[in-house]
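Peer 1: This is the structure I have questions about; it appears just below.
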2 protein chains.
Amino acid sequence: MSVTAPAGFLAAGIAAGIKQSGDSDLAVVATRNSAPVSAAGVFTSNQMTAAPVVVSRNHLGESGGRAAAVVINSGIANAATGHVGIRDAERMCEITASALDCRSREVLVCSTGLIGFTLPMGAIFQGIPKAVSSLSDHGGSQAAEAMMTTDTVRKEVVVSADGFTVGGIAKGAAMIEPDMATMLAVITTDADAPPSVLRSVLRSGVDASFNRLTVDGAQSTNDTTLLLASGQAGPVSRSDLAAAVAEACRSLALQMADDAEGSTKTVILRVTGAANDAEAAKAARDCANCQLVKCSWFGEDPYWGRIASEMGAAGVAFDPWRLRIAYGNHLVYGDGSPQSPDAQATAAYMRQRHLELNVDLGMGSGQAEIITVDLSYAYIEENSRTS
Amino acid sequence: MSVTAPAGFLAAGIAAGIKQSGDSDLAVVATRNSAPVSAAGVFTSNQMTAAPVVVSRNHLGESGGRAAAVVINSGIANAATGHVGIRDAERMCEITASALDCRSREVLVCSTGLIGFTLPMGAIFQGIPKAVSSLSDHGGSQAAEAMMTTDTVRKEVVVSADGFTVGGIAKGAAMIEPDMATMLAVITTDADAPPSVLRSVLRSGVDASFNRLTVDGAQSTNDTTLLLASGQAGPVSRSDLAAAVAEACRSLALQMADDAEGSTKTVILRVTGAANDAEAAKAARDCANCQLVKCSWFGEDPYWGRIASEMGAAGVAFDPWRLRIAYGNHLVYGDGSPQSPDAQATAAYMRQRHLELNVDLGMGSGQAEIITVDLSYAYIEENSRTS
């Protein structure tokens with residue numbers, strides 16, 4: 001169900017011939033009757049911004065935070081494509097608007113795939129009306145499928161809250177490949193809320209989920225998260241909406257980590273005891289992006305030496321004598337020296353797909369959490385050639 | 001020859017039984033007659049500082065920049081070893097001083113190897129006098145060999161300048177393993193210069209070489225570079241000394257890159273056209289530490305998309321329309337769009353061990369250079385288990 005679970009939304013996904021494989025590659029998510037509703041977006045801060053990001057951001061500005069549809073293609077990212085790329089992204093919106101009978105500025109656009117190639121506009125011209133005519137109130141999964149690039153499974157979520165519903169679809173796991181880049185997410189709700197509330201709710205949800213997810217530290221040119229609210233369930237409390245959107249974002253982020261290419265471990269890395277939250281986040285992110293630490297997870301090795309060294313290198317305040325490092329409940333470093341947890345139990349813990357790594361810096365009450373993955377042979381295999 | 005090439009220095013390297021393999025693991029570099037000479041050091045800024053770094057830094061302070069010897073062990077890093085580690089590092093200096101008949105504070109100490117283990121002091125007590133009795137004016141290579149951990153070749157250099165000589169030995173390639181960490185370098189010269197000049201000359205040499213070398217972005221707990229000047233060749237111009245020391249450092253840094261574990265490519269990454277040098281360095285370092293870009297070198301793939309995206313994510317000023325990316329002379333991106341250099345010639349270029357990657361940001365005259373390596377299966381294999 002996903003994006004079509006909240007009342008007032010339709011979706012479709014089709015194979016338009018953008019991908020040479022013939023797989024599904026074009027999705028549309030639209031409001032019932034193509035009526036514009038409150039909408040908000042969070043976009044990549046990469047300066048090498050892809051054309052669809054530029055166009056979607058402009059459209060949200062021009063429409064005052066209103067949207068009737070999102071059109072998404074996979075296979076080609078329409079990034080680093082210059083003026084042609086901007087024109088093509090605009091045309092995708094125009095064609096969608098024409099098929100739906102809404103305004104072009106009420107259409108948002110996302111692309112994901114190869115950087116540096118222009119879109120096959122012939123296939124897209126033919127595909128969009130076909131996708132629009134396939135729109136249905138159970139098309140969420142088809143739309144999720146059409147977003148996929150190197151994803152091996154669809155990412156979908158439904159959060160049932162008190163009197164309203166939030167649904168979402170997503171693809172990717174941050175910038176996991178040189179060619180098939182990007183994370184995209186489209187979230188819908190039937191709650192009624194103005195664009196300003198959606199912006200704030202989406203920003204905090206993204207900060208606590210996608211922005212805490214790092215596969216390889218690389219930031220895509222196309223990253224986009226959109227939130228549309230049909231209003232059909234009526235007004236809801238802002239905190240309830242924030243909680244449900246955050247839960248949807250977190251679920252999608254974890255699904256991305258679990259499907260990150262070549263990964264064999266998903267690790268929730270928690271840093272506590274930092275001088276403040278910002279320092280905790282810096283330490284957690286540096287450690288999560290350390291190749292050596294990632295390799296140790298792949299090897300199921302609870303070695304703490306590299307983690308301690310990363311904390312020392314992160315440029316944050318910490319006390320080496322009060323530093324504590326634990327995998328789950330297995331304390332491997334503390335009191336200024338290595339600890340010896342039960343070896344068999346620790347080894348069994350390390351063999352799990354999902355690991356928790358808890359690092360206490362011994363300074364204050366600052367804390368942060370990062371979701372990340374290990375570094376495996378398969379990652380290199382998948383990333384050493386564009387094609 | 002290396003450190004024993006400049007007049008006034010002796011060196012030795014022996015197997016003291018610190019490494020279980022029985023390989024050479026203890027080195028001493030000393031002045032002839034154990035006379036203290038001008039000395040300077042550059043140390044890791046990792047807050048998880050290893051004991052030998054603490055002790056060497058203190059000794060240089062207490063002696064006012066004078067040293068008669070350097071004692072180095074491999075196999076155990078003496079890092080994260082608490083009070084015991086500090087005491088052991090002090091004892092290494094005391095035993096060396098006693099064997100050489102100099103003051104303990106005139107001895108500097110380096111360790112490299114496993115983090116979190118204390119030194120086998122029995123083996124070291126017996127080994128140091130043995131090493132001291134083996135000191136000779138052609139012992140530089142033996143000392144270089146005794147520093148090695150996962151290095152596959154010794155790193156040595158001799159720079160013959162106008163009227164004086166600079167020699168050096170080194171090990172490692174930044175923090176390339178979770179267990180066998182660290183880069184160490186000992187540089188000698190027969191030029192005559194006060195400690196203040198040595199400090200400045202060494203700092204600039206290190207900044208232009210070791211600090212421009214990144215294998216995996218990890219900073220060790222033990223990184224140390226030392227410079228000792230016997231003065232036997234008499235005074236030299238400061239700029240000549242700076243140039244020769246920088247040349248020695250650069251040679252050792254390139255040797256480290258060539259021997260970095262699992263690496264198949266050494267890449268000199270030059271960023272030009274930045275708003276200033278600091279922004280160029282930031283962009284170059286981010287790009288060099290990007291797993292995706294490293295994988296593309298391993299795959300000999302001249303794909304520019306990830307490089308452009310890294311520039312966009314680095315948080316530095318650049319103009320996407322004036323961005324230029326070239327491997328050697330093969331321009332792969334420019335004028336806002338992908339370029340098509342001769343495919344066969346580009347492929348042949350990418351097959352080389354040594355690559356140059358030139359990125360022009362199109363903004364100003366800021367520039368920087370980073371030496372780095374690719375990311376291979378072998379890196380993961382060597383780093384996924386501590387033992």
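Ligands are numbered from 1 in the order shown, chains are lettered A, B, ... in the order of the structure tokens, and residues start at 1 in each chain.
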Quick one: superpose chain B onto chain A using all C-alpha atoms paired in order, least squares, and give it to me as a compact mmCIF listing (two decimals) with C-alpha atoms, in the first residue's frame.
Peer 2:
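After the write, superposed.txt holds the following:
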# COMPACT_ATOMS: atom_id res chain seq x y z
CA MET B 1 -0.04 0.03 0.00
CA SER B 2 2.55 2.61 1.17
CA VAL B 3 1.87 6.01 -0.43
CA THR B 4 -1.66 5.00 -1.38
CA ALA B 5 -2.57 3.97 2.17
CA PRO B 6 -3.47 7.52 3.29
CA ALA B 7 -6.82 8.65 1.86
CA GLY B 8 -6.67 10.86 -1.22
CA PHE B 9 -3.65 9.47 -3.09
CA LEU B 10 -3.20 7.40 -6.24
CA ALA B 11 0.01 5.95 -7.66
CA ALA B 12 1.36 3.96 -10.58
CA GLY B 13 4.63 2.57 -11.86
CA ILE B 14 5.37 1.38 -15.38
CA ALA B 15 8.23 0.36 -17.68
CA ALA B 16 8.72 3.30 -20.03
CA GLY B 17 11.91 2.09 -21.68
CA ILE B 18 14.33 4.40 -19.84
CA LYS B 19 16.21 1.41 -18.43
CA GLN B 20 17.76 -0.82 -21.04
CA SER B 21 16.80 -3.81 -18.91
CA GLY B 22 13.11 -3.20 -19.59
CA ASP B 23 12.44 -2.98 -15.85
CA SER B 24 9.89 -0.60 -14.39
CA ASP B 25 11.32 2.94 -14.46
CA LEU B 26 8.58 5.59 -14.32
CA ALA B 27 6.32 6.37 -11.37
CA VAL B 28 3.60 8.92 -10.69
CA VAL B 29 2.11 9.68 -7.28
CA ALA B 30 -0.90 12.02 -7.52
CA THR B 31 -3.75 13.32 -5.44
CA ARG B 32 -7.23 12.05 -6.23
CA ASN B 33 -8.83 14.47 -8.74
CA SER B 34 -5.41 16.12 -9.22
CA ALA B 35 -6.25 18.71 -6.59
CA PRO B 36 -3.20 20.55 -5.23
CA VAL B 37 -2.50 19.86 -1.55
CA SER B 38 0.03 21.03 1.04
CA ALA B 39 3.52 19.85 0.23
CA ALA B 40 7.11 20.21 1.42
CA GLY B 41 10.52 18.96 0.32
CA VAL B 42 14.00 18.42 1.70
CA PHE B 43 16.74 18.36 -0.92
CA THR B 44 20.43 17.58 -1.23
CA SER B 45 22.82 20.34 -0.24
CA ASN B 46 25.31 19.14 -2.86
CA GLN B 47 26.26 22.17 -4.98
CA MET B 48 26.40 19.95 -8.06
CA THR B 49 22.61 19.96 -7.87
CA ALA B 50 20.76 17.78 -10.36
CA ALA B 51 18.14 19.37 -12.64
CA PRO B 52 15.07 17.72 -11.03
CA VAL B 53 16.14 19.09 -7.63
CA VAL B 54 16.39 22.62 -9.07
CA VAL B 55 12.98 22.32 -10.72
CA SER B 56 11.17 20.75 -7.74
CA ARG B 57 12.58 23.38 -5.38
CA ASN B 58 11.44 26.15 -7.74
CA HIS B 59 7.98 24.66 -8.13
CA LEU B 60 7.44 24.44 -4.36
CA GLY B 61 8.44 28.10 -4.14
CA GLU B 62 6.21 29.23 -7.01
CA SER B 63 3.19 27.27 -5.77
CA GLY B 64 3.59 28.37 -2.16
CA GLY B 65 4.02 24.76 -1.00
CA ARG B 66 1.25 23.10 -3.00
CA ALA B 67 1.53 20.01 -5.18
CA ALA B 68 -0.83 17.70 -7.03
CA ALA B 69 1.66 15.09 -8.19
CA VAL B 70 5.19 13.73 -8.15
CA VAL B 71 6.73 12.20 -11.28
CA ILE B 72 9.79 10.02 -10.79
CA ASN B 73 12.09 8.22 -13.22
CA SER B 74 14.89 5.76 -12.56
CA GLY B 75 17.75 4.78 -14.87
CA ILE B 76 19.08 8.28 -15.61
CA ALA B 77 19.73 10.87 -12.87
CA ASN B 78 19.51 13.95 -15.14
CA ALA B 79 22.48 15.35 -13.18
CA ALA B 80 25.41 17.30 -14.68
CA THR B 81 23.30 17.77 -17.79
CA GLY B 82 23.37 21.59 -17.99
CA HIS B 83 20.59 23.64 -19.59
CA VAL B 84 19.23 20.60 -21.43
CA GLY B 85 18.66 18.85 -18.13
CA ILE B 86 16.69 21.74 -16.65
CA ARG B 87 14.50 21.91 -19.77
CA ASP B 88 13.90 18.14 -19.67
CA ALA B 89 12.91 18.18 -15.99
CA GLU B 90 10.50 21.05 -16.70
CA ARG B 91 9.02 19.09 -19.59
CA MET B 92 8.45 16.05 -17.38
CA CYS B 93 6.34 18.28 -15.13
CA GLU B 94 4.49 19.85 -18.08
CA ILE B 95 3.57 16.48 -19.57
CA THR B 96 2.43 15.19 -16.19
CA ALA B 97 0.37 18.33 -15.58
CA SER B 98 -1.19 18.04 -18.99
CA ALA B 99 -2.14 14.39 -18.43
CA LEU B 100 -3.55 15.13 -14.97
CA ASP B 101 -5.09 18.49 -15.82
CA CYS B 102 -3.24 20.45 -13.15
CA ARG B 103 -0.61 23.20 -13.28
CA SER B 104 2.98 22.41 -14.15
CA ARG B 105 4.23 24.18 -11.03
CA GLU B 106 2.06 21.80 -8.97
CA VAL B 107 4.13 18.85 -10.19
CA LEU B 108 7.38 17.82 -8.46
CA VAL B 109 10.01 15.71 -10.20
CA CYS B 110 12.69 13.23 -9.07
CA SER B 111 15.29 11.32 -11.08
CA THR B 112 17.80 8.67 -10.09
CA GLY B 113 20.38 6.71 -12.05
CA LEU B 114 23.44 7.53 -14.14
CA ILE B 115 24.99 10.99 -13.77
CA GLY B 116 25.97 12.87 -16.92
CA PHE B 117 23.42 11.47 -19.34
CA THR B 118 20.36 13.26 -20.68
CA LEU B 119 16.92 11.69 -20.42
CA PRO B 120 15.39 9.77 -23.36
CA MET B 121 12.55 12.26 -23.71
CA GLY B 122 10.73 10.26 -26.40
CA ALA B 123 10.24 7.35 -24.01
CA ILE B 124 9.23 9.74 -21.24
CA PHE B 125 6.72 11.62 -23.44
CA GLN B 126 4.99 8.34 -24.19
CA GLY B 127 5.40 6.90 -20.71
CA ILE B 128 3.91 9.65 -18.55
CA PRO B 129 0.35 9.54 -20.01
CA LYS B 130 0.50 5.76 -19.75
CA ALA B 131 1.48 5.97 -16.09
CA VAL B 132 -1.20 8.56 -15.38
CA SER B 133 -3.86 6.34 -16.95
CA SER B 134 -2.70 3.49 -14.69
CA LEU B 135 -3.07 5.51 -11.45
CA SER B 136 -4.95 3.61 -8.75
CA ASP B 137 -5.49 3.64 -5.02
CA HIS B 138 -3.44 0.47 -4.65
CA GLY B 139 -0.54 1.51 -6.90
CA GLY B 140 1.94 2.40 -4.15
CA SER B 141 4.00 -0.76 -4.52
CA GLN B 142 4.24 -0.33 -8.30
CA ALA B 143 5.52 3.21 -7.77
CA ALA B 144 8.06 1.94 -5.23
CA GLU B 145 9.24 -0.64 -7.74
CA ALA B 146 9.65 1.92 -10.53
CA MET B 147 12.01 4.00 -8.34
CA MET B 148 14.49 1.15 -7.84
CA THR B 149 17.96 1.23 -9.36
CA THR B 150 20.38 -1.16 -7.69
CA ASP B 151 17.90 -1.75 -4.87
CA THR B 152 17.09 -5.42 -4.53
CA VAL B 153 13.80 -4.89 -2.68
CA ARG B 154 11.09 -2.23 -2.65
CA LYS B 155 11.08 0.14 0.33
CA GLU B 156 7.59 0.91 1.62
CA VAL B 157 6.09 1.92 4.94
CA VAL B 158 2.69 2.61 6.45
CA VAL B 159 2.30 4.25 9.87
CA SER B 160 -1.20 4.17 11.33
CA ALA B 161 -1.56 7.01 13.81
CA ASP B 162 -4.48 8.27 15.89
CA GLY B 163 -7.01 9.29 13.25
CA PHE B 164 -4.65 9.58 10.30
CA THR B 165 -2.17 7.60 8.26
CA VAL B 166 1.32 8.22 6.88
CA GLY B 167 2.68 6.20 3.96
CA GLY B 168 5.99 6.26 2.15
CA ILE B 169 8.12 4.82 -0.61
CA ALA B 170 11.85 5.19 -1.07
CA LYS B 171 14.84 3.97 -3.04
CA GLY B 172 18.56 3.78 -2.54
CA ALA B 173 20.88 4.00 0.37
CA ALA B 174 22.58 7.37 0.21
CA MET B 175 25.21 7.56 -2.52
CA ILE B 176 26.12 3.94 -2.78
CA GLU B 177 27.42 3.75 -6.33
CA PRO B 178 29.24 6.08 -8.66
CA ASP B 179 26.56 5.67 -11.29
CA MET B 180 23.33 4.65 -9.58
CA ALA B 181 23.22 7.36 -7.03
CA THR B 182 20.73 8.95 -4.73
CA MET B 183 18.11 8.34 -2.14
CA LEU B 184 14.58 9.41 -3.00
CA ALA B 185 11.53 9.23 -0.74
CA VAL B 186 7.92 10.28 -1.25
CA ILE B 187 5.76 10.40 1.86
CA THR B 188 2.02 10.97 1.91
CA THR B 189 -0.48 11.57 4.67
CA ASP B 190 -4.18 12.23 4.90
CA ALA B 191 -3.63 14.58 7.83
CA ASP B 192 -4.53 18.21 7.24
CA ALA B 193 -1.64 20.61 7.77
CA PRO B 194 -0.35 23.76 6.09
CA PRO B 195 2.92 23.72 4.10
CA SER B 196 4.78 25.48 6.92
CA VAL B 197 3.97 22.66 9.34
CA LEU B 198 4.87 20.04 6.73
CA ARG B 199 8.24 21.70 6.15
CA SER B 200 9.09 21.66 9.82
CA VAL B 201 7.80 18.14 10.40
CA LEU B 202 9.61 16.78 7.35
CA ARG B 203 12.86 18.54 8.22
CA SER B 204 12.92 17.06 11.71
CA GLY B 205 11.91 13.63 10.41
CA VAL B 206 14.67 13.67 7.79
CA ASP B 207 17.24 14.92 10.29
CA ALA B 208 16.46 12.01 12.58
CA SER B 209 16.52 9.35 9.86
CA PHE B 210 17.95 9.84 6.36
CA ASN B 211 20.45 12.40 7.59
CA ARG B 212 21.57 9.87 10.20
CA LEU B 213 22.10 7.21 7.58
CA THR B 214 25.53 6.93 6.03
CA VAL B 215 26.59 4.13 3.77
CA ASP B 216 29.78 5.59 2.42
CA GLY B 217 29.79 9.24 3.43
CA ALA B 218 29.00 10.37 -0.10
CA GLN B 219 26.23 12.86 -0.71
CA SER B 220 24.25 12.56 -3.90
CA THR B 221 23.42 15.24 -6.45
CA ASN B 222 19.75 14.16 -6.47
CA ASP B 223 18.72 13.36 -2.87
CA THR B 224 15.09 14.35 -2.37
CA THR B 225 12.41 13.67 0.24
CA LEU B 226 8.89 14.94 -0.41
CA LEU B 227 5.82 15.06 1.86
CA LEU B 228 2.28 15.61 0.57
CA ALA B 229 -0.78 15.96 2.85
CA SER B 230 -4.24 15.40 1.35
CA GLY B 231 -6.04 16.72 4.42
CA GLN B 232 -8.82 14.16 4.07
CA ALA B 233 -8.42 12.90 7.65
CA GLY B 234 -8.78 16.43 9.02
CA PRO B 235 -6.45 18.36 11.29
CA VAL B 236 -4.17 16.48 13.69
CA SER B 237 -1.81 17.56 16.42
CA ARG B 238 1.52 18.75 15.14
CA SER B 239 3.43 16.49 17.49
CA ASP B 240 1.44 13.43 16.40
CA LEU B 241 2.15 14.25 12.77
CA ALA B 242 5.83 14.81 13.49
CA ALA B 243 6.08 11.48 15.31
CA ALA B 244 4.36 9.54 12.52
CA VAL B 245 6.43 11.16 9.76
CA ALA B 246 9.63 10.53 11.75
CA GLU B 247 8.64 6.89 12.23
CA ALA B 248 8.01 6.49 8.49
CA CYS B 249 11.35 8.11 7.64
CA ARG B 250 13.18 5.93 10.12
CA SER B 251 11.64 2.75 8.76
CA LEU B 252 12.59 3.70 5.20
CA ALA B 253 16.14 4.61 6.30
CA LEU B 254 16.58 1.22 7.99
CA GLN B 255 15.23 -0.54 4.90
CA MET B 256 17.82 1.32 2.83
CA ALA B 257 20.63 0.27 5.16
CA ASP B 258 19.51 -3.35 5.05
CA ASP B 259 19.56 -3.23 1.25
CA ALA B 260 22.77 -1.18 0.89
CA GLU B 261 24.92 -2.73 -1.78
CA GLY B 262 27.36 -5.30 -0.63
CA SER B 263 26.49 -4.77 3.01
CA THR B 264 26.31 -7.71 5.38
CA LYS B 265 25.74 -5.72 8.59
CA THR B 266 23.49 -2.84 9.57
CA VAL B 267 24.98 -1.00 12.53
CA ILE B 268 23.26 1.48 14.81
CA LEU B 269 26.12 3.49 16.27
CA ARG B 270 25.23 5.48 19.38
CA VAL B 271 27.58 8.01 20.89
CA THR B 272 26.68 9.22 24.38
CA GLY B 273 28.51 11.23 27.03
CA ALA B 274 29.67 13.90 24.55
CA ALA B 275 30.06 17.54 25.55
CA ASN B 276 27.03 18.30 23.34
CA ASP B 277 24.86 16.71 20.65
CA ALA B 278 26.85 18.24 17.78
CA GLU B 279 30.10 16.70 19.03
CA ALA B 280 28.36 13.35 19.50
CA ALA B 281 27.11 13.51 15.90
CA LYS B 282 30.58 14.41 14.60
CA ALA B 283 32.20 11.50 16.43
CA ALA B 284 29.48 9.06 15.36
CA ARG B 285 29.65 10.09 11.72
CA ASP B 286 33.45 9.96 11.55
CA CYS B 287 33.46 6.50 13.10
CA ALA B 288 30.66 5.27 10.82
CA ASN B 289 32.57 6.44 7.74
CA CYS B 290 35.89 4.93 8.82
CA GLN B 291 36.88 2.23 6.33
CA LEU B 292 38.79 0.33 8.98
CA VAL B 293 35.87 0.19 11.38
CA LYS B 294 33.55 -0.85 8.54
CA CYS B 295 35.94 -3.66 7.61
CA SER B 296 35.95 -4.89 11.21
CA TRP B 297 32.15 -5.25 11.12
CA PHE B 298 32.41 -7.24 7.90
CA GLY B 299 34.91 -9.49 9.68
CA GLU B 300 32.62 -9.71 12.74
CA ASP B 301 35.55 -8.52 14.81
CA PRO B 302 34.70 -6.69 18.07
CA TYR B 303 38.08 -4.94 18.01
CA TRP B 304 37.77 -1.60 19.81
CA GLY B 305 41.19 -0.12 18.99
CA ARG B 306 40.17 1.61 15.78
CA ILE B 307 37.00 2.94 17.37
CA ALA B 308 38.95 4.49 20.24
CA SER B 309 41.39 5.97 17.75
CA GLU B 310 38.56 7.46 15.66
CA MET B 311 37.15 9.12 18.78
CA GLY B 312 40.59 10.59 19.40
CA ALA B 313 40.82 11.84 15.82
CA ALA B 314 37.30 13.30 15.60
CA GLY B 315 38.31 16.58 17.19
CA VAL B 316 35.69 16.34 19.93
CA ALA B 317 36.14 16.50 23.70
CA PHE B 318 36.46 13.11 25.37
CA ASP B 319 38.17 11.49 28.29
CA PRO B 320 40.29 8.45 27.33
CA TRP B 321 40.08 7.24 30.95
CA ARG B 322 36.29 7.25 30.98
CA LEU B 323 35.78 6.07 27.40
CA ARG B 324 33.50 3.02 27.16
CA ILE B 325 32.94 0.96 24.01
CA ALA B 326 30.34 -1.82 23.87
CA TYR B 327 28.82 -3.99 21.16
CA GLY B 328 25.29 -4.47 22.45
CA ASN B 329 25.89 -5.24 26.11
CA HIS B 330 29.36 -6.61 25.51
CA LEU B 331 31.79 -4.06 26.96
CA VAL B 332 35.07 -4.29 25.04
CA TYR B 333 36.80 -1.16 26.38
CA GLY B 334 36.44 0.75 29.65
CA ASP B 335 38.34 2.10 32.67
CA GLY B 336 41.26 3.02 30.43
CA SER B 337 41.92 -0.50 29.24
CA PRO B 338 40.56 -3.39 27.16
CA GLN B 339 37.79 -5.45 28.77
CA SER B 340 37.23 -9.15 28.25
CA PRO B 341 33.56 -9.87 27.71
CA ASP B 342 32.48 -13.49 27.31
CA ALA B 343 34.19 -14.40 24.04
CA GLN B 344 31.61 -16.89 22.83
CA ALA B 345 28.66 -14.60 23.58
CA THR B 346 30.41 -11.65 21.95
CA ALA B 347 31.22 -13.70 18.85
CA ALA B 348 27.59 -14.80 18.61
CA TYR B 349 26.48 -11.18 18.93
CA MET B 350 28.85 -10.05 16.14
CA ARG B 351 27.44 -12.69 13.79
CA GLN B 352 24.02 -10.99 13.72
CA ARG B 353 22.86 -8.87 10.76
CA HIS B 354 21.93 -5.98 13.06
CA LEU B 355 24.53 -4.63 15.48
CA GLU B 356 24.45 -1.89 18.06
CA LEU B 357 27.68 -0.12 18.86
CA ASN B 358 27.57 2.08 21.97
CA VAL B 359 30.37 4.52 22.65
CA ASP B 360 30.38 6.71 25.77
CA LEU B 361 32.83 9.62 25.70
CA GLY B 362 32.58 10.25 29.45
CA MET B 363 32.21 14.03 29.18
CA GLY B 364 28.60 15.21 29.34
CA SER B 365 25.09 14.48 28.14
CA GLY B 366 25.48 15.01 24.38
CA GLN B 367 24.33 12.11 22.25
CA ALA B 368 23.73 11.07 18.66
CA GLU B 369 22.85 8.02 16.63
CA ILE B 370 23.97 7.01 13.15
CA ILE B 371 22.71 4.14 11.02
CA THR B 372 25.41 2.64 8.84
CA VAL B 373 26.69 -0.53 7.20
CA ASP B 374 29.90 -2.50 6.81
CA LEU B 375 32.38 -2.51 3.92
CA SER B 376 32.56 -5.73 1.96
CA TYR B 377 34.12 -7.26 -1.13
CA ALA B 378 30.76 -6.90 -2.87
CA TYR B 379 30.79 -3.12 -2.36
CA ILE B 380 34.05 -2.88 -4.24
CA GLU B 381 32.90 -5.27 -6.92
CA GLU B 382 29.75 -3.23 -7.54
CA ASN B 383 31.55 0.11 -7.47
CA SER B 384 34.79 -0.48 -9.31
CA ARG B 385 33.22 -0.11 -12.75
CA THR B 386 30.51 2.23 -13.99
CA SER B 387 29.15 -0.45 -16.27
Peer 1: Could you write out, as a PyMOL selection string, all the residues of range 67-147 of chain B that DSSP marks as alpha helix (DSSP H)?
Peer 2: chain B and resi 82-100+121-133+140-146
